[in-house]
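Have a look at the structure below, then the notes.
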Amino acid sequence: MKMSRSFKMAGALLIAAMLVVSGCGNNKENNTAGGNASGGAATDSKAIAKIKERGKLLVGVKYDTRLFGLKDPATGKVDGFDVDISKAIAKKILGDENAIELKEVTSKTRIPMLNNGEIDMVVATMTITEERKKEVDFSDVYFQAGQSLLVKKGSPITGLESVTKDTKILGSKGATSIKNIKEKVPGVTVLEFDNYQDAFSALKAGQGDALTTDDAILYGMASQDPGFEVVGKPFTDEPYGIAVQKGNTDVVQAINDTLAELKSNGEYDAIYTKWIGKAPAQ
Ligand code: GLU
């Protein structure tokens with residue numbers, strides 16, 4: 001009798017426990033639904049909160065792109081337009097432009113590294129495209145470039161119009177430039193390299209006739225070696241945006257606020273002139 005009563009009690013407790021568990025489940029669902037109803041604000045604030053908790057901003061920049069993100073092998077320092085913009089964002093979010101850790105990305109690795117959480121944002125000569133918008137969210141445009149060609153001085157190639165099917169073009173994997181040139185000159189041979197340093201070395205070694213990417217990047221290469229020049233007019237629009245993981249709207253907001261402030265207080269023009277050598281076109 002005593003035993004059976006305690007069995008009954010255990011059964012009642014079990015049922016009660018099950019009700020609590022299922023009740024919790026319901027509450028959880030309700031909470032999630034509530035979170036979504038508030039426009040994803042709960043998720044959004046987490047991205048900035050995580051950066052603040054960590055105390056530093058993890059930014060993917062190029063390490064081989066003069067003027068935008070270039071690592072000095074002697075000092076280990078990475079400098080460029082993209083680096084200065086990144087520092088301003090770190091200052092905005094964390095109050096300290098040095099609360100930042102730069103990580104090397106290439107045109108091919110930047111989206112995977114962003115989406116697997118290795119970096120908070122990509123500030124790396126990255127064009128805003130509809131295709132990329134399916135995978136990441138972008139800030140406002142922070143730099144306007146256009147695709148062009150770099151050749152050895154004296155080359156018969158003087159612009160896009162001299163590129164034919166028989167021209168050997170060099171480029172970097174994952175860049176918009178590869179797709180664009182294939183569209184402009186159907187059937188053209190394109191050799192794709194892992195990064196721009198390798199592509200430029202290949203051009204210098206005579207492995208191709210022209211290197212194609214954004215004019216601003218090509219001018220950086222030409223300034224390194226007087227034997228090479230940028231030819232023709234830019235033949236695409238490459239508006240650069242800063243990429244974040246999809247849904248991190250609070251981070252996009254912080255970036256856009258930073259860009260607006262830099263533009264209104266003159267710092268954007270100063271950074272632009274420092275790296276590009278002239279004021280931005282209005
Ligand atoms: N802006 C172009 C792109 O996003 C070319 C430069 C680069 O490869 O980063 O693909």
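Chain labels follow the order of the structure tokens: the first chain is A, the next B, and so on; residue numbering restarts at 1 in every chain, and ligands are counted from 1 in their shown order.
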Ligand 1: which residues are within 10 Å, counting only C-alpha atoms and all ligand atoms, as a PyMOL selection string? chain A and resi 61-62+65+68+105-108+110+123-129+132+143-147+171-180+195-196+212-218+237-241
Among range 36-160 of chain A, which ones does DSSP assign to strand (DSSP E) (computed from the backbone)? Answer as a PyMOL selection string. chain A and resi 57-61+64-65+69-71+78-79+100-104+121-122+136-138+143-145+147-152
When you count only C-alpha atoms, which of these residues is closest to Asp120 in chain A: A:Glu229, A:Lys103, A:Tyr219, A:Asp269?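 Closest to Asp120 in chain A of all the choices is A:Lys103.
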Leu150 in chain A surroundings by only C-alpha atoms, 6 Å radius, close-in-sequence under 3 positions cut, as JSON, numbers by chain: {"A": [210, 211, 229, 230]}
Would you mind reading off the distance between CA of Phe138 in chain A and CA of Val252 in chain A, one decimal, in Å?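 For CA of Phe138 in chain A relative to CA of Val252 in chain A, the distance reads 7.0 Å.
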Could you pull out all residues of range 79-198 of chain A with a DSSP call of helix (DSSP H, G or I) and give them as a PyMOL selection string? chain A and resi 81-94+110-115+130-133+160-162+176-184+196-198
Please identify all polymer residues within 10 Å of Asn256 in chain A, counting only C-alpha atoms, omitting same-chain residues fewer than 5 positions from it, and present them as an NGL selection string. :A and (89 or 138-142 or 242 or 250-251 or 261-262)
Any chance you can output those residues with N, CA, C and O atoms as a PDB file, in the first residue's frame?
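Output (result24.pdb):
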ATOM      1  N   ILE A  89      35.941  52.482 -37.742  1.00  0.00           N
ATOM      2  CA  ILE A  89      34.781  51.690 -37.292  1.00  0.00           C
ATOM      3  C   ILE A  89      35.041  51.140 -35.881  1.00  0.00           C
ATOM      4  O   ILE A  89      34.151  51.147 -35.026  1.00  0.00           O
ATOM      5  N   PHE A 138      25.614  44.320 -46.973  1.00  0.00           N
ATOM      6  CA  PHE A 138      26.616  45.353 -47.248  1.00  0.00           C
ATOM      7  C   PHE A 138      26.267  46.683 -46.596  1.00  0.00           C
ATOM      8  O   PHE A 138      25.095  47.033 -46.449  1.00  0.00           O
ATOM      9  N   SER A 139      27.308  47.443 -46.298  1.00  0.00           N
ATOM     10  CA  SER A 139      27.151  48.831 -45.847  1.00  0.00           C
ATOM     11  C   SER A 139      26.860  49.699 -47.067  1.00  0.00           C
ATOM     12  O   SER A 139      26.806  49.206 -48.192  1.00  0.00           O
ATOM     13  N   ASP A 140      26.769  50.990 -46.840  1.00  0.00           N
ATOM     14  CA  ASP A 140      26.715  51.948 -47.946  1.00  0.00           C
ATOM     15  C   ASP A 140      28.031  51.873 -48.722  1.00  0.00           C
ATOM     16  O   ASP A 140      29.034  51.390 -48.193  1.00  0.00           O
ATOM     17  N   VAL A 141      28.027  52.416 -49.926  1.00  0.00           N
ATOM     18  CA  VAL A 141      29.248  52.453 -50.742  1.00  0.00           C
ATOM     19  C   VAL A 141      30.287  53.337 -50.037  1.00  0.00           C
ATOM     20  O   VAL A 141      29.958  54.426 -49.564  1.00  0.00           O
ATOM     21  N   TYR A 142      31.541  52.855 -49.957  1.00  0.00           N
ATOM     22  CA  TYR A 142      32.569  53.692 -49.318  1.00  0.00           C
ATOM     23  C   TYR A 142      33.733  53.992 -50.259  1.00  0.00           C
ATOM     24  O   TYR A 142      34.660  54.720 -49.888  1.00  0.00           O
ATOM     25  N   ILE A 242      31.255  47.399 -47.308  1.00  0.00           N
ATOM     26  CA  ILE A 242      31.803  46.596 -46.208  1.00  0.00           C
ATOM     27  C   ILE A 242      30.784  45.490 -45.928  1.00  0.00           C
ATOM     28  O   ILE A 242      29.588  45.777 -45.765  1.00  0.00           O
ATOM     29  N   ASP A 250      22.612  45.787 -36.950  1.00  0.00           N
ATOM     30  CA  ASP A 250      23.170  46.791 -36.025  1.00  0.00           C
ATOM     31  C   ASP A 250      24.614  47.126 -36.385  1.00  0.00           C
ATOM     32  O   ASP A 250      25.057  48.262 -36.240  1.00  0.00           O
ATOM     33  N   VAL A 251      25.336  46.128 -36.899  1.00  0.00           N
ATOM     34  CA  VAL A 251      26.730  46.373 -37.305  1.00  0.00           C
ATOM     35  C   VAL A 251      26.724  47.240 -38.574  1.00  0.00           C
ATOM     36  O   VAL A 251      27.501  48.202 -38.675  1.00  0.00           O
ATOM     37  N   GLU A 261      29.819  60.035 -40.620  1.00  0.00           N
ATOM     38  CA  GLU A 261      30.598  60.960 -39.793  1.00  0.00           C
ATOM     39  C   GLU A 261      31.928  61.323 -40.451  1.00  0.00           C
ATOM     40  O   GLU A 261      32.322  62.484 -40.480  1.00  0.00           O
ATOM     41  N   LEU A 262      32.599  60.295 -40.993  1.00  0.00           N
ATOM     42  CA  LEU A 262      33.891  60.544 -41.650  1.00  0.00           C
ATOM     43  C   LEU A 262      33.712  61.508 -42.813  1.00  0.00           C
ATOM     44  O   LEU A 262      34.566  62.349 -43.081  1.00  0.00           O
TER      45      LEU A 262
END
CA of Ala243 in chain A to CA of Asp72 in chain A measures 24.8 Å
What are the nearest atom pairs, with distances in Å to one decimal, for all residues of range 46-164 of chain A that come at most 12 Å from range 188-191 of chain A, using only C-alpha atoms, set out by chain and rising residue number as CSV?
residue,atom,partner,partner_atom,distance
A:Leu160,CA,A:Val188,CA,11.8
A:Ser162,CA,A:Val188,CA,11.8
A:Val163,CA,A:Val188,CA,8.1
A:Thr164,CA,A:Val188,CA,6.5
Between A:Gly227, A:Pro156, A:Gly220, A:Gly206, which one has atoms that come closest to Trp275 in chain A, using only C-alpha atoms? A:Gly220
With only C-alpha atoms as the counted atoms, please give the residues lying no more than 7 Å from range 244-249 of chain A, apart from itself and same-chain residues fewer than 4 positions off, as a VMD selection string. chain A and resid 44 47 114 to 115 120 to 122 135 to 138 253
Tell me which of A:Ala279, A:Ser148, A:Ser201, A:Lys168 sits closest to Thr236 in chain A, counting only C-alpha atoms.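 For Thr236 in chain A, the nearest of the given residues is A:Ser148.
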Provide the CA of Leu58 in chain A to CA of Ser223 in chain A distance in Å, to one decimal place.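 About the pair CA of Leu58 in chain A and CA of Ser223 in chain A: they are 29.5 Å apart.
When only C-alpha atoms are used to compute distances to Lys153 in chain A, the closest of the residues A:Ala222, A:Ala281, A:Ala202, A:Ala99 turns out to be A:Ala222.
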